[in-house]
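Chemist: Okay, so here is start.cif, and as you'll see once you scroll down, it has mmCIF, C-alpha atoms.
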data_final
loop_
_atom_site.label_atom_id
_atom_site.label_comp_id
_atom_site.auth_asym_id
_atom_site.auth_seq_id
_atom_site.Cartn_x
_atom_site.Cartn_y
_atom_site.Cartn_z
CA MET A 1 -12.40 22.59 23.61
CA ALA A 2 -10.10 24.74 21.52
CA LEU A 3 -9.30 21.58 19.60
CA LEU A 4 -12.95 21.01 18.74
CA SER A 5 -13.70 24.58 17.68
CA ASN A 6 -10.47 24.76 15.66
CA THR A 7 -11.32 21.49 13.98
CA ALA A 8 -14.84 22.65 13.17
CA VAL A 9 -13.56 25.84 11.52
CA LEU A 10 -10.90 23.97 9.55
CA LEU A 11 -13.38 21.28 8.53
CA GLY A 12 -15.67 24.02 7.21
CA LYS A 13 -12.75 25.35 5.16
CA GLU A 14 -11.93 21.90 3.74
CA LEU A 15 -15.54 21.22 2.78
CA ARG A 16 -16.01 24.69 1.27
CA THR A 17 -12.85 24.35 -0.82
CA GLU A 18 -14.03 21.05 -2.22
CA PHE A 19 -17.70 21.79 -2.76
CA ARG A 20 -16.85 25.00 -4.60
CA SER A 21 -15.21 23.06 -7.42
CA ARG A 22 -16.23 19.45 -6.67
CA GLU A 23 -13.34 18.41 -8.90
CA LEU A 24 -11.91 15.89 -6.46
CA LEU A 25 -15.26 14.20 -5.90
CA THR A 26 -16.28 13.92 -9.54
CA THR A 27 -12.92 12.70 -10.82
CA THR A 28 -12.59 10.12 -8.03
CA LEU A 29 -16.14 8.88 -8.59
CA VAL A 30 -15.48 8.28 -12.27
CA PHE A 31 -12.14 6.69 -11.40
CA ILE A 32 -13.76 4.15 -9.04
CA LEU A 33 -16.40 3.27 -11.63
CA THR A 34 -13.77 2.78 -14.31
CA ILE A 35 -11.67 0.51 -12.12
CA MET A 36 -14.69 -1.57 -11.15
CA ILE A 37 -15.73 -2.08 -14.78
CA LEU A 38 -12.16 -2.93 -15.81
CA PHE A 39 -11.79 -5.43 -12.97
CA SER A 40 -15.00 -7.21 -13.88
CA PHE A 41 -13.71 -7.72 -17.45
CA THR A 42 -10.66 -9.60 -16.23
CA LEU A 43 -12.78 -11.74 -13.91
CA GLN A 44 -15.40 -12.68 -16.46
CA SER A 45 -12.79 -13.82 -18.93
CA SER A 46 -11.41 -16.18 -16.30
CA GLY A 47 -14.88 -17.47 -15.42
CA GLY A 48 -15.09 -15.97 -11.92
CA ASP A 49 -18.45 -15.27 -10.34
CA SER A 50 -18.71 -11.49 -10.41
CA ARG A 51 -21.26 -11.48 -7.61
CA SER A 52 -19.11 -13.22 -5.04
CA VAL A 53 -16.07 -11.07 -5.82
CA GLY A 54 -18.12 -7.86 -5.98
CA PRO A 55 -17.40 -6.58 -2.45
CA GLY A 56 -13.66 -7.17 -2.91
CA LEU A 57 -13.67 -5.32 -6.23
CA LEU A 58 -15.57 -2.43 -4.76
CA TRP A 59 -13.20 -2.04 -1.82
CA LEU A 60 -10.10 -2.43 -3.94
CA ALA A 61 -11.38 0.29 -6.26
CA ILE A 62 -12.12 2.53 -3.26
CA LEU A 63 -8.64 1.90 -1.86
CA PHE A 64 -6.89 2.81 -5.12
CA ALA A 65 -9.07 5.86 -5.59
CA ALA A 66 -8.50 7.00 -2.00
CA SER A 67 -4.74 6.70 -2.32
CA LEU A 68 -4.97 9.18 -5.20
CA MET A 69 -7.67 11.34 -3.67
CA LEU A 70 -5.78 11.92 -0.43
CA GLN A 71 -2.80 13.24 -2.38
CA PRO A 72 -3.77 16.93 -2.55
CA GLY A 73 -4.61 17.12 1.19
CA PHE A 74 -1.31 18.66 2.20
CA LEU A 75 0.03 19.41 -1.27
CA ARG A 76 -2.64 22.05 -1.71
CA GLU A 77 -1.34 23.85 1.38
CA GLN A 78 2.18 24.02 -0.04
CA THR A 79 1.60 26.18 -3.11
CA ASN A 80 0.97 29.36 -1.15
CA ASP A 81 2.56 28.06 2.05
CA THR A 82 -0.82 28.14 3.77
CA LEU A 83 0.36 25.30 6.01
CA SER A 84 2.54 27.68 8.04
CA ALA A 85 -0.45 29.96 8.47
CA LEU A 86 -2.58 27.03 9.59
CA ARG A 87 0.06 25.95 12.08
CA LEU A 88 0.19 29.41 13.55
CA ALA A 89 -3.57 29.70 13.70
CA VAL A 90 -4.36 26.56 15.68
CA SER A 91 -3.36 25.80 19.23
CA ASP A 92 -2.99 22.06 18.56
CA PRO A 93 -1.72 20.84 15.17
CA PHE A 94 -3.85 17.74 15.66
CA ALA A 95 -6.83 19.92 14.66
CA ILE A 96 -5.34 20.26 11.14
CA PHE A 97 -5.17 16.49 10.80
CA LEU A 98 -8.57 15.96 12.34
CA ALA A 99 -10.24 18.41 9.97
CA LYS A 100 -8.52 16.94 6.91
CA LEU A 101 -9.25 13.35 7.83
CA ILE A 102 -12.89 14.01 8.67
CA ALA A 103 -13.27 15.84 5.35
CA SER A 104 -11.66 12.94 3.47
CA ALA A 105 -13.84 10.41 5.28
CA ILE A 106 -16.96 12.44 4.39
CA PHE A 107 -15.91 12.61 0.73
CA LEU A 108 -15.25 8.88 0.63
CA LEU A 109 -18.52 8.03 2.35
CA LEU A 110 -20.45 10.33 0.01
CA MET A 111 -18.94 8.66 -3.03
CA GLU A 112 -19.59 5.20 -1.67
CA ILE A 113 -23.24 6.01 -1.03
CA LEU A 114 -23.53 7.35 -4.59
CA LEU A 115 -21.80 4.23 -5.93
CA LEU A 116 -23.81 1.66 -3.98
CA PRO A 117 -26.93 1.71 -6.20
CA ILE A 118 -24.78 1.42 -9.34
CA PHE A 119 -22.82 -1.38 -7.72
CA ALA A 120 -26.04 -3.17 -6.72
CA ILE A 121 -27.33 -3.06 -10.30
CA LEU A 122 -24.06 -4.09 -11.93
CA PHE A 123 -23.37 -6.97 -9.56
CA ASN A 124 -26.99 -7.97 -8.97
CA VAL A 125 -27.04 -7.70 -5.17
CA HIS A 126 -29.77 -6.46 -2.84
CA ILE A 127 -28.82 -3.49 -0.74
CA LEU A 128 -32.13 -1.95 0.31
CA GLY A 129 -32.72 -4.18 3.35
CA VAL A 130 -29.23 -3.71 4.74
CA PHE A 131 -28.57 -0.11 3.71
CA PRO A 132 -28.00 1.35 7.23
CA GLN A 133 -25.64 -1.50 8.14
CA LEU A 134 -23.76 -1.02 4.88
CA VAL A 135 -23.35 2.67 5.62
CA LEU A 136 -21.94 1.79 9.03
CA VAL A 137 -19.36 -0.55 7.47
CA PHE A 138 -18.47 2.03 4.85
CA PHE A 139 -18.16 4.72 7.50
CA LEU A 140 -15.71 2.70 9.62
CA GLY A 141 -13.80 1.57 6.54
CA SER A 142 -13.52 5.08 5.11
CA LEU A 143 -12.30 6.38 8.44
CA GLY A 144 -9.70 3.59 8.47
CA ILE A 145 -8.48 4.74 5.06
CA ALA A 146 -8.61 8.45 5.89
CA ILE A 147 -6.65 8.36 9.17
CA PRO A 148 -3.34 6.84 7.99
CA GLY A 149 -4.00 8.34 4.56
CA THR A 150 -3.99 11.88 5.94
CA ALA A 151 -0.86 11.18 8.01
CA PHE A 152 0.98 9.75 5.00
CA SER A 153 -0.12 12.52 2.66
CA ALA A 154 1.75 14.86 5.05
CA ILE A 155 4.82 12.62 4.65
CA SER A 156 4.63 12.20 0.88
CA ALA A 157 4.08 15.94 0.36
CA GLN A 158 7.62 16.46 1.70
CA ALA A 159 9.29 13.88 -0.54
CA ARG A 160 10.15 13.40 -4.19
CA MET A 161 7.96 11.22 -6.45
CA ARG A 162 5.07 12.00 -4.14
CA GLU A 163 2.34 10.81 -6.53
CA LEU A 164 3.82 7.33 -6.51
CA LEU A 165 4.97 7.38 -2.91
CA LEU A 166 1.60 7.80 -1.20
CA PRO A 167 0.01 4.62 -2.64
CA LEU A 168 3.25 2.78 -1.93
CA LEU A 169 3.22 3.77 1.74
CA LEU A 170 -0.52 3.52 2.20
CA LEU A 171 -1.70 0.39 0.38
CA PRO A 172 0.27 -2.27 2.31
CA LEU A 173 -0.66 -0.57 5.58
CA LEU A 174 -4.34 -0.73 4.64
CA THR A 175 -4.37 -4.51 4.15
CA PRO A 176 -6.31 -5.02 7.42
CA VAL A 177 -8.92 -2.43 6.36
CA LEU A 178 -9.32 -4.10 2.98
CA VAL A 179 -9.78 -7.55 4.52
CA ALA A 180 -12.17 -6.42 7.27
CA SER A 181 -14.30 -4.14 5.08
CA THR A 182 -14.58 -6.69 2.31
CA GLU A 183 -15.60 -9.44 4.73
CA ALA A 184 -18.14 -7.22 6.49
CA THR A 185 -19.61 -6.07 3.17
CA ALA A 186 -19.71 -9.61 1.80
CA GLY A 187 -21.52 -10.73 4.95
CA LEU A 188 -24.20 -8.08 4.42
CA LEU A 189 -24.64 -8.87 0.73
CA SER A 190 -24.79 -12.65 1.06
CA VAL A 191 -28.00 -14.65 0.64
CA GLN A 192 -28.63 -14.48 4.38
CA PRO A 193 -27.44 -11.01 5.29
CA ALA A 194 -25.64 -10.76 8.61
CA LEU A 195 -23.79 -7.92 10.27
CA GLN A 196 -20.48 -9.43 11.37
CA GLY A 197 -19.66 -7.83 14.69
CA LYS A 198 -16.16 -9.30 14.64
CA TRP A 199 -15.14 -7.33 11.55
CA LEU A 200 -16.94 -4.18 12.64
CA GLY A 201 -15.10 -4.31 15.94
CA PHE A 202 -11.85 -4.88 14.10
CA LEU A 203 -12.40 -1.84 11.89
CA ALA A 204 -13.26 0.27 14.91
CA GLY A 205 -10.10 -1.00 16.64
CA PHE A 206 -7.98 -0.11 13.60
CA ASP A 207 -9.45 3.40 13.57
CA VAL A 208 -8.77 3.87 17.28
CA VAL A 209 -5.15 2.62 17.07
CA PHE A 210 -4.19 4.93 14.23
CA LEU A 211 -6.16 7.90 15.49
CA THR A 212 -4.28 7.60 18.77
CA ALA A 213 -0.96 7.32 16.94
CA LEU A 214 -1.82 10.37 14.87
CA TRP A 215 -2.80 12.28 17.98
CA LEU A 216 0.53 11.39 19.64
CA PHE A 217 2.84 11.89 16.65
CA GLY A 218 0.90 14.14 14.27
CA GLU A 219 2.62 17.37 15.29
CA TYR A 220 6.04 15.99 14.29
CA LEU A 221 4.77 15.31 10.78
CA LEU A 222 4.25 19.03 10.28
CA GLU A 223 7.59 20.23 11.64
CA GLU A 224 9.46 22.78 9.57
CA MET B 1 39.43 -5.12 15.75
CA ALA B 2 40.25 -8.16 17.87
CA LYS B 3 36.93 -7.82 19.63
CA ARG B 4 35.04 -7.77 16.35
CA ALA B 5 36.92 -10.82 15.10
CA ILE B 6 36.15 -12.76 18.28
CA LEU B 7 32.47 -11.80 18.16
CA GLY B 8 32.31 -12.80 14.51
CA LEU B 9 33.95 -16.14 15.19
CA VAL B 10 31.65 -16.89 18.13
CA THR B 11 28.60 -16.10 16.01
CA VAL B 12 29.77 -18.24 13.12
CA GLY B 13 30.46 -21.03 15.63
CA LEU B 14 26.94 -20.74 17.05
CA VAL B 15 25.31 -20.83 13.62
CA VAL B 16 27.42 -23.81 12.54
CA ALA B 17 26.60 -25.62 15.81
CA ALA B 18 22.89 -24.91 15.30
CA ALA B 19 23.09 -26.29 11.76
CA PHE B 20 24.93 -29.37 13.01
CA ALA B 21 22.39 -29.93 15.78
CA SER B 22 19.44 -29.55 13.42
CA PHE B 23 20.92 -32.19 11.11
CA TYR B 24 22.45 -34.70 13.53
CA VAL B 25 21.05 -34.19 17.03
CA VAL B 26 17.30 -33.84 16.66
CA PRO B 27 15.25 -36.96 15.88
CA MET B 28 13.56 -37.37 12.50
CA GLU B 29 10.07 -35.88 12.35
CA ARG B 30 7.60 -38.73 11.82
CA THR B 31 5.38 -37.48 8.99
CA MET B 32 7.50 -34.90 7.19
CA GLY B 33 10.89 -36.60 7.26
CA PRO B 34 14.21 -34.80 6.76
CA ILE B 35 12.66 -31.66 5.20
CA GLN B 36 11.30 -30.72 8.63
CA ARG B 37 14.88 -29.92 9.69
CA ILE B 38 14.58 -26.66 7.77
CA PHE B 39 12.23 -25.57 10.57
CA TYR B 40 15.18 -24.74 12.84
CA PHE B 41 16.35 -22.10 10.40
CA HIS B 42 12.97 -21.04 9.07
CA ALA B 43 11.29 -20.27 12.39
CA ALA B 44 14.46 -19.05 14.13
CA SER B 45 15.04 -16.54 11.30
CA ALA B 46 11.44 -15.39 11.61
CA TRP B 47 11.96 -14.70 15.32
CA ALA B 48 15.26 -12.89 14.67
CA GLY B 49 13.59 -10.80 11.94
CA MET B 50 10.76 -9.80 14.28
CA THR B 51 13.29 -8.82 16.95
CA ALA B 52 15.09 -6.65 14.38
CA PHE B 53 11.84 -4.89 13.45
CA PHE B 54 11.13 -4.34 17.12
CA ILE B 55 14.61 -2.79 17.52
CA CYS B 56 13.77 -0.53 14.58
CA PHE B 57 10.54 0.51 16.34
CA VAL B 58 12.48 1.39 19.49
CA GLY B 59 15.01 3.33 17.37
CA ASN B 60 12.18 5.20 15.64
CA LEU B 61 10.52 6.15 18.93
CA MET B 62 13.84 7.25 20.41
CA TYR B 63 14.62 9.36 17.35
CA VAL B 64 11.30 11.20 17.52
CA TRP B 65 11.91 11.80 21.21
CA ARG B 66 15.64 12.63 21.33
CA ARG B 67 16.46 13.67 17.74
CA GLU B 68 19.92 12.13 17.87
CA PRO B 69 21.17 10.75 14.53
CA LYS B 70 22.32 7.53 16.21
CA TRP B 71 18.71 6.40 16.63
CA ASP B 72 18.11 6.96 12.94
CA TRP B 73 21.18 4.87 12.12
CA LEU B 74 19.89 2.13 14.40
CA GLY B 75 16.44 2.26 12.77
CA VAL B 76 17.62 1.91 9.20
CA SER B 77 20.21 -0.76 10.09
CA ALA B 78 17.60 -2.81 11.94
CA VAL B 79 15.16 -2.63 9.01
CA GLU B 80 17.77 -3.83 6.55
CA VAL B 81 18.85 -6.71 8.80
CA GLY B 82 15.21 -7.54 9.55
CA LEU B 83 14.43 -7.65 5.85
CA ALA B 84 17.39 -9.96 5.27
CA PHE B 85 16.02 -12.41 7.85
CA THR B 86 12.48 -12.11 6.51
CA THR B 87 13.88 -12.94 3.08
CA ILE B 88 15.39 -16.11 4.55
CA VAL B 89 11.94 -16.94 5.94
CA LEU B 90 10.23 -16.29 2.62
CA ILE B 91 12.78 -18.44 0.76
CA THR B 92 13.02 -21.38 3.20
CA GLY B 93 9.20 -21.38 3.57
CA PRO B 94 8.44 -22.42 -0.03
CA ILE B 95 11.36 -24.91 0.03
CA TRP B 96 9.67 -26.55 3.01
CA ALA B 97 6.12 -26.14 1.72
CA HIS B 98 6.63 -27.73 -1.67
CA PRO B 99 7.31 -31.32 -0.53
CA VAL B 100 4.94 -31.11 2.46
CA TRP B 101 1.90 -29.24 1.10
CA GLY B 102 2.62 -29.91 -2.58
CA ILE B 103 2.68 -26.22 -3.45
CA TRP B 104 5.32 -23.50 -3.29
CA TRP B 105 3.10 -20.79 -2.00
CA THR B 106 -0.33 -20.56 -0.45
CA TRP B 107 -2.29 -17.47 0.58
CA ASP B 108 -2.26 -18.59 4.16
CA TRP B 109 -2.28 -16.01 6.96
CA ARG B 110 1.29 -16.23 8.16
CA LEU B 111 2.84 -16.33 4.71
CA THR B 112 0.66 -13.51 3.50
CA SER B 113 1.13 -11.31 6.53
CA THR B 114 4.92 -11.83 6.50
CA PHE B 115 4.86 -10.76 2.88
CA VAL B 116 2.80 -7.66 3.69
CA MET B 117 5.18 -6.81 6.55
CA CYS B 118 8.08 -7.15 4.12
CA LEU B 119 6.37 -4.72 1.73
CA LEU B 120 5.80 -2.22 4.55
CA TYR B 121 9.49 -2.17 5.45
CA ILE B 122 10.58 -2.03 1.80
CA SER B 123 8.38 1.10 1.61
CA TYR B 124 10.27 2.43 4.62
CA LEU B 125 13.60 2.05 2.77
CA LEU B 126 12.14 3.53 -0.42
CA LEU B 127 10.78 6.51 1.48
CA ARG B 128 14.29 7.20 2.77
CA THR B 129 15.69 7.38 -0.74
CA LEU B 130 13.15 10.03 -1.70
CA ILE B 131 13.95 12.66 0.95
CA GLU B 132 17.21 14.55 0.60
CA GLU B 133 17.57 16.47 3.82
CA PRO B 134 18.99 14.12 6.52
CA ASP B 135 17.01 15.43 9.52
CA ARG B 136 13.73 15.41 7.65
CA ARG B 137 14.48 11.97 6.23
CA ALA B 138 15.22 10.63 9.70
CA LEU B 139 12.10 12.14 11.27
CA LEU B 140 9.60 11.21 8.55
CA SER B 141 10.92 7.69 8.14
CA ALA B 142 10.88 7.22 11.92
CA LEU B 143 7.23 8.28 12.01
CA PHE B 144 6.40 5.96 9.13
CA GLY B 145 8.26 3.17 10.92
CA ILE B 146 6.13 3.68 14.03
CA PHE B 147 2.92 3.49 11.98
CA ALA B 148 4.19 0.42 10.15
CA PHE B 149 5.10 -1.41 13.34
CA LEU B 150 1.65 -0.67 14.83
CA ASP B 151 0.15 -2.14 11.70
CA VAL B 152 2.00 -5.46 11.93
CA PRO B 153 -0.24 -7.09 14.59
CA LEU B 154 -3.34 -5.77 12.84
CA VAL B 155 -2.19 -7.32 9.56
CA TYR B 156 -1.54 -10.61 11.36
CA PHE B 157 -4.93 -10.80 13.02
CA SER B 158 -6.97 -9.65 10.04
CA ILE B 159 -5.41 -12.25 7.78
CA ARG B 160 -5.52 -14.90 10.49
CA TRP B 161 -9.27 -14.53 10.90
CA TRP B 162 -9.61 -14.53 7.16
CA ARG B 163 -7.98 -17.88 6.37
CA THR B 164 -5.55 -20.41 7.76
CA GLN B 165 -3.55 -23.31 6.37
CA HIS B 166 -0.23 -22.85 8.15
CA PRO B 167 0.23 -25.15 11.19
CA GLN B 168 -0.94 -23.66 14.45
CA PRO B 169 1.89 -22.27 16.57
CA VAL B 170 4.00 -25.19 17.81
CA VAL B 171 6.23 -23.22 20.15
CA MET B 172 4.33 -21.38 22.88
CA GLY B 173 1.03 -22.41 21.27
CA GLY B 174 -2.07 -23.63 23.03
CA PRO B 175 -2.51 -26.93 24.94
CA GLY B 176 -1.76 -30.00 22.87
CA SER B 177 0.95 -28.22 20.92
CA GLY B 178 4.61 -28.46 21.73
CA LEU B 179 7.89 -29.91 20.58
CA GLU B 180 9.68 -33.07 21.52
CA PRO B 181 12.26 -32.09 24.25
CA THR B 182 15.39 -32.44 22.06
CA MET B 183 13.68 -30.58 19.24
CA ARG B 184 12.75 -27.87 21.69
CA LYS B 185 16.31 -27.46 22.95
CA VAL B 186 17.76 -27.36 19.44
CA PHE B 187 15.07 -24.93 18.35
CA PHE B 188 15.86 -22.47 21.13
CA PHE B 189 19.56 -22.91 20.42
CA SER B 190 18.88 -22.01 16.78
CA VAL B 191 16.90 -18.98 17.91
CA LEU B 192 19.88 -17.92 20.00
CA ALA B 193 22.30 -18.46 17.10
CA MET B 194 20.15 -16.50 14.67
CA HIS B 195 19.79 -13.67 17.17
CA ALA B 196 23.57 -13.59 17.63
CA LEU B 197 23.94 -13.37 13.84
CA MET B 198 21.29 -10.66 13.71
CA VAL B 199 23.05 -8.60 16.39
CA LEU B 200 26.42 -9.01 14.64
CA LEU B 201 25.02 -7.90 11.28
CA LEU B 202 23.15 -5.08 12.95
CA SER B 203 26.23 -3.72 14.72
CA GLU B 204 28.31 -3.91 11.51
CA ARG B 205 25.56 -2.22 9.50
CA TYR B 206 25.21 0.41 12.21
CA LYS B 207 28.92 1.23 12.00
CA MET B 208 28.63 1.67 8.23
CA GLU B 209 25.61 3.91 8.60
CA LYS B 210 27.40 5.96 11.24
CA LEU B 211 30.43 6.42 8.98
CA SER B 212 28.32 7.43 6.02
CA GLY B 213 26.36 9.83 8.23
CA GLU B 214 29.58 11.43 9.43
CA VAL B 215 31.01 11.66 5.91
CA ASP B 216 27.78 13.29 4.79
CA GLU B 217 28.04 15.79 7.61
CA LEU B 218 31.65 16.65 6.72
CA ARG B 219 30.74 17.08 3.07
CA ARG B 220 27.97 19.46 4.01
CA GLU B 221 30.34 21.49 6.18
CA ALA B 222 32.93 21.63 3.39
CA GLU B 223 30.32 22.79 0.90
CA ALA B 224 29.05 25.43 3.28
CA GLN B 225 32.49 27.02 3.60
#
Go ahead and express the file in the form of structure tokens.
Modeler:
Amino acid sequence: MALLSNTAVLLGKELRTEFRSRELLTTTLVFILTIMILFSFTLQSSGGDSRSVGPGLLWLAILFAASLMLQPGFLREQTNDTLSALRLAVSDPFAIFLAKLIASAIFLLLMEILLLPIFAILFNVHILGVFPQLVLVFFLGSLGIAIPGTAFSAISAQARMRELLLPLLLLPLLTPVLVASTEATAGLLSVQPALQGKWLGFLAGFDVVFLTALWLFGEYLLEE
Amino acid sequence: MAKRAILGLVTVGLVVAAAFASFYVVPMERTMGPIQRIFYFHAASAWAGMTAFFICFVGNLMYVWRREPKWDWLGVSAVEVGLAFTTIVLITGPIWAHPVWGIWWTWDWRLTSTFVMCLLYISYLLLRTLIEEPDRRALLSALFGIFAFLDVPLVYFSIRWWRTQHPQPVVMGGPGSGLEPTMRKVFFFSVLAMHALMVLLLSERYKMEKLSGEVDELRREAEAQ
């Protein structure tokens, strides 16, 4: 129970910090849009059908943006050494990870929901009928990005070249999330929309595996 | 010294015997012809590489648990040897694929996932170069190694469901698969030979890592005084 109450307090802190400035959200949102537009240029020049590659583009853009957005998670705690204070304050260091990863997943999901209408217009797909299912896919996918992302941002914060290191560690590991989310999204946006339980289950499995690993090994990531 | 020389000779003998057997003992494969003989090195290297990555995983877990530098040395040595074998797989694969499929590379599940696994372990080695302090480097890379190893089956299955061109598993596959008996014997002999080579390389690499760890330690002590 201490874990839950600690997490709730820390989550409140994370959300407050972000919503006070909203700088992470706005910059990442613009970043995703820019990447999506740039990608579609390269595809149109090679004659690709932008509608069929839309879901892949969207998820690739989200993945790139997330690998940058997750960067400050632990870096921010280093400037005034607030991480030591956090570690002393909580009974289980897992609460620190849990709060940060839930916050990141919320930010990602929020951005995705804001982006979906723009995406639907740009790529000429219908999202209204399948909106709740889409949100479910995006929720599981964002969680899949946020869990290892938060763990690795704790690693990269302790290394040199951290800005480059986090995407390098994170992106190959997220291949399964990219494949599963893209397939699930493509299934929902096809002519006959269908929620593919196989991919949803896979995403949920991915989340469970890495959440368990983080729960088991998270405390070592924060050792002095 | 004598022991190392004998072990080295035995390993070289095994690998040479496996090469001989794959060229002269096994029958010619009916549709693919002589190029199929590369299979005995291609698949055996893949198995040896996977074993090396598994050894790394065990080393990583043991380091996090016991915090003894030897487990860190084992982890990094196993990754380097594993990457060497995976490189053999990624080079012999296209050599085999080109005459049989007509292309060097295809985005098939096993090729792609082997490539992704390779990238994950290259990231592991890169991460190590970016952390100065030895204990921190050992701990953080061990934790990354654990995450990476957990990811390997997930990568395999996600890409497998996504697309497939590679032949279905021949060895230990489903019903209807299987190798001709001589091929099977030679294949498992090759697997044994490649594992012997992997263990030899691993133990040599481990000794190097141990020496460099000890030199590092001495240098630190000298600087502290």
Chemist: Could you please determine the separation between atom CA of B:Ile122 and atom CA of A:Leu140 in Å, to one decimal place?
Modeler: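 For atom CA of B:Ile122 relative to atom CA of A:Leu140, the distance reads 27.8 Å.
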Chemist: Residues around (-3.2, 17.7, -8.0), cut-off 12 Å, counting all atoms listed in the file - what are they as a PyMOL selection string?
Modeler: chain A and resi 23-24+27+68-79+157+162-163
Chemist: Can you list every residue of chain A that has an atom at most 6 Å from chain B, with its nearest atom pair and the distance in Å to one decimal, using all atoms listed in the file, ordered by chain then number, as a Markdown table?
Modeler:
| residue | atom | partner | partner_atom | distance |
| --- | --- | --- | --- | --- |
| A:Ala159 | CA | B:Ile131 | CA | 5.0 |
| A:Arg160 | CA | B:Leu130 | CA | 5.2 |
| A:Leu169 | CA | B:Ser123 | CA | 5.8 |
| A:Pro172 | CA | B:Leu120 | CA | 6.0 |
| A:Pro176 | CA | B:Val155 | CA | 5.2 |
Chemist: Could you spell out the hits of the PyMOL selection byres ((chain A and resi 166) around 7) on the shown file, as a short mmCIF file (atom, residue, chain, number, x, y, z; two decimals) with C-alpha atoms, in the frame of the given file?
Modeler:
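Saved the output as result_16.cif:
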data_model
loop_
_atom_site.label_atom_id
_atom_site.label_comp_id
_atom_site.auth_asym_id
_atom_site.auth_seq_id
_atom_site.Cartn_x
_atom_site.Cartn_y
_atom_site.Cartn_z
CA SER A 67 -4.74 6.70 -2.32
CA PHE A 152 0.98 9.75 5.00
CA SER A 153 -0.12 12.52 2.66
CA SER A 156 4.63 12.20 0.88
CA ARG A 162 5.07 12.00 -4.14
CA GLU A 163 2.34 10.81 -6.53
CA LEU A 164 3.82 7.33 -6.51
CA LEU A 165 4.97 7.38 -2.91
CA PRO A 167 0.01 4.62 -2.64
CA LEU A 168 3.25 2.78 -1.93
CA LEU A 169 3.22 3.77 1.74
CA LEU A 170 -0.52 3.52 2.20
#
Chemist: Kindly extract all protein, DNA and RNA residues lying within 12 Å of the coordinates (-20.5, 14.5, -7.1) given in the file, considering all atoms listed in the file, and supply them as a PDB file with C-alpha atoms, in the frame of the given file.
Modeler:
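The resulting file, out.pdb, is reproduced below:
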ATOM      1  CA  GLU A  18     -14.030  21.050  -2.220  1.00  0.00           C
ATOM      2  CA  PHE A  19     -17.700  21.790  -2.760  1.00  0.00           C
ATOM      3  CA  ARG A  20     -16.850  25.000  -4.600  1.00  0.00           C
ATOM      4  CA  SER A  21     -15.210  23.060  -7.420  1.00  0.00           C
ATOM      5  CA  ARG A  22     -16.230  19.450  -6.670  1.00  0.00           C
ATOM      6  CA  GLU A  23     -13.340  18.410  -8.900  1.00  0.00           C
ATOM      7  CA  LEU A  24     -11.910  15.890  -6.460  1.00  0.00           C
ATOM      8  CA  LEU A  25     -15.260  14.200  -5.900  1.00  0.00           C
ATOM      9  CA  THR A  26     -16.280  13.920  -9.540  1.00  0.00           C
ATOM     10  CA  THR A  27     -12.920  12.700 -10.820  1.00  0.00           C
ATOM     11  CA  THR A  28     -12.590  10.120  -8.030  1.00  0.00           C
ATOM     12  CA  LEU A  29     -16.140   8.880  -8.590  1.00  0.00           C
ATOM     13  CA  VAL A  30     -15.480   8.280 -12.270  1.00  0.00           C
ATOM     14  CA  PHE A 107     -15.910  12.610   0.730  1.00  0.00           C
ATOM     15  CA  LEU A 108     -15.250   8.880   0.630  1.00  0.00           C
ATOM     16  CA  LEU A 109     -18.520   8.030   2.350  1.00  0.00           C
ATOM     17  CA  LEU A 110     -20.450  10.330   0.010  1.00  0.00           C
ATOM     18  CA  MET A 111     -18.940   8.660  -3.030  1.00  0.00           C
ATOM     19  CA  GLU A 112     -19.590   5.200  -1.670  1.00  0.00           C
ATOM     20  CA  ILE A 113     -23.240   6.010  -1.030  1.00  0.00           C
ATOM     21  CA  LEU A 114     -23.530   7.350  -4.590  1.00  0.00           C
ATOM     22  CA  LEU A 115     -21.800   4.230  -5.930  1.00  0.00           C
TER      23      LEU A 115
END
Chemist: When the PyMOL selection byres ((chain B and resi 47) around 12) is applied to the structure above, which residues does it catch, written out as a PyMOL selection string?
Modeler: chain B and resi 39-46+48-54+82+85-86+88-89+114+171+187-188+190-196+198
Chemist: The PyMOL selection byres ((chain A and resi 180) around 8) on the file shown: which residues, as a PyMOL selection string?
Modeler: (chain A and resi 176-179+181-184+199-200+202-203) or (chain B and resi 158)
Chemist: For a test of reading the model, state the distance in Å between atom CA of B:Ile38 and atom CA of B:Trp96, rounded to one decimal.
Modeler: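 That distance, rounded to one decimal, is 6.8 Å.
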Chemist: What does the distance from atom CA of B:Leu202 to atom CA of B:Val16 come to in Å, to one decimal?
Modeler: 19.2 Å
Chemist: Of the candidates B:Val215, B:Ser203, B:Pro99, B:Met183, which shows the shortest atom-to-atom distance to B:Thr31, using all atoms listed in the file?
Modeler: B:Pro99
Chemist: Enclose all atoms of stretch 34-49 of chain B listed in the file in an axis-aligned box, grow every side by 5 Å, and hand back centre and edge lengths in Å to one decimal, as AutoDock Vina command-line options.
Modeler:
--center_x 13.8 --center_y -22.8 --center_z 10.3 --size_x 15.1 --size_y 34.0 --size_z 20.1
Chemist: Could you give me, as a PDB file with C-alpha atoms, in the frame of the given file, the residues within 10 Å of A:Glu14, counting all atoms listed in the file and dropping anything in the same chain fewer than 6 positions from it?
Modeler:
ATOM      1  CA  ALA A   8     -14.840  22.650  13.170  1.00  0.00           C
ATOM      2  CA  GLY A  73      -4.610  17.120   1.190  1.00  0.00           C
ATOM      3  CA  ALA A  99     -10.240  18.410   9.970  1.00  0.00           C
ATOM      4  CA  LYS A 100      -8.520  16.940   6.910  1.00  0.00           C
ATOM      5  CA  LEU A 101      -9.250  13.350   7.830  1.00  0.00           C
ATOM      6  CA  ILE A 102     -12.890  14.010   8.670  1.00  0.00           C
ATOM      7  CA  ALA A 103     -13.270  15.840   5.350  1.00  0.00           C
ATOM      8  CA  SER A 104     -11.660  12.940   3.470  1.00  0.00           C
TER       9      SER A 104
END
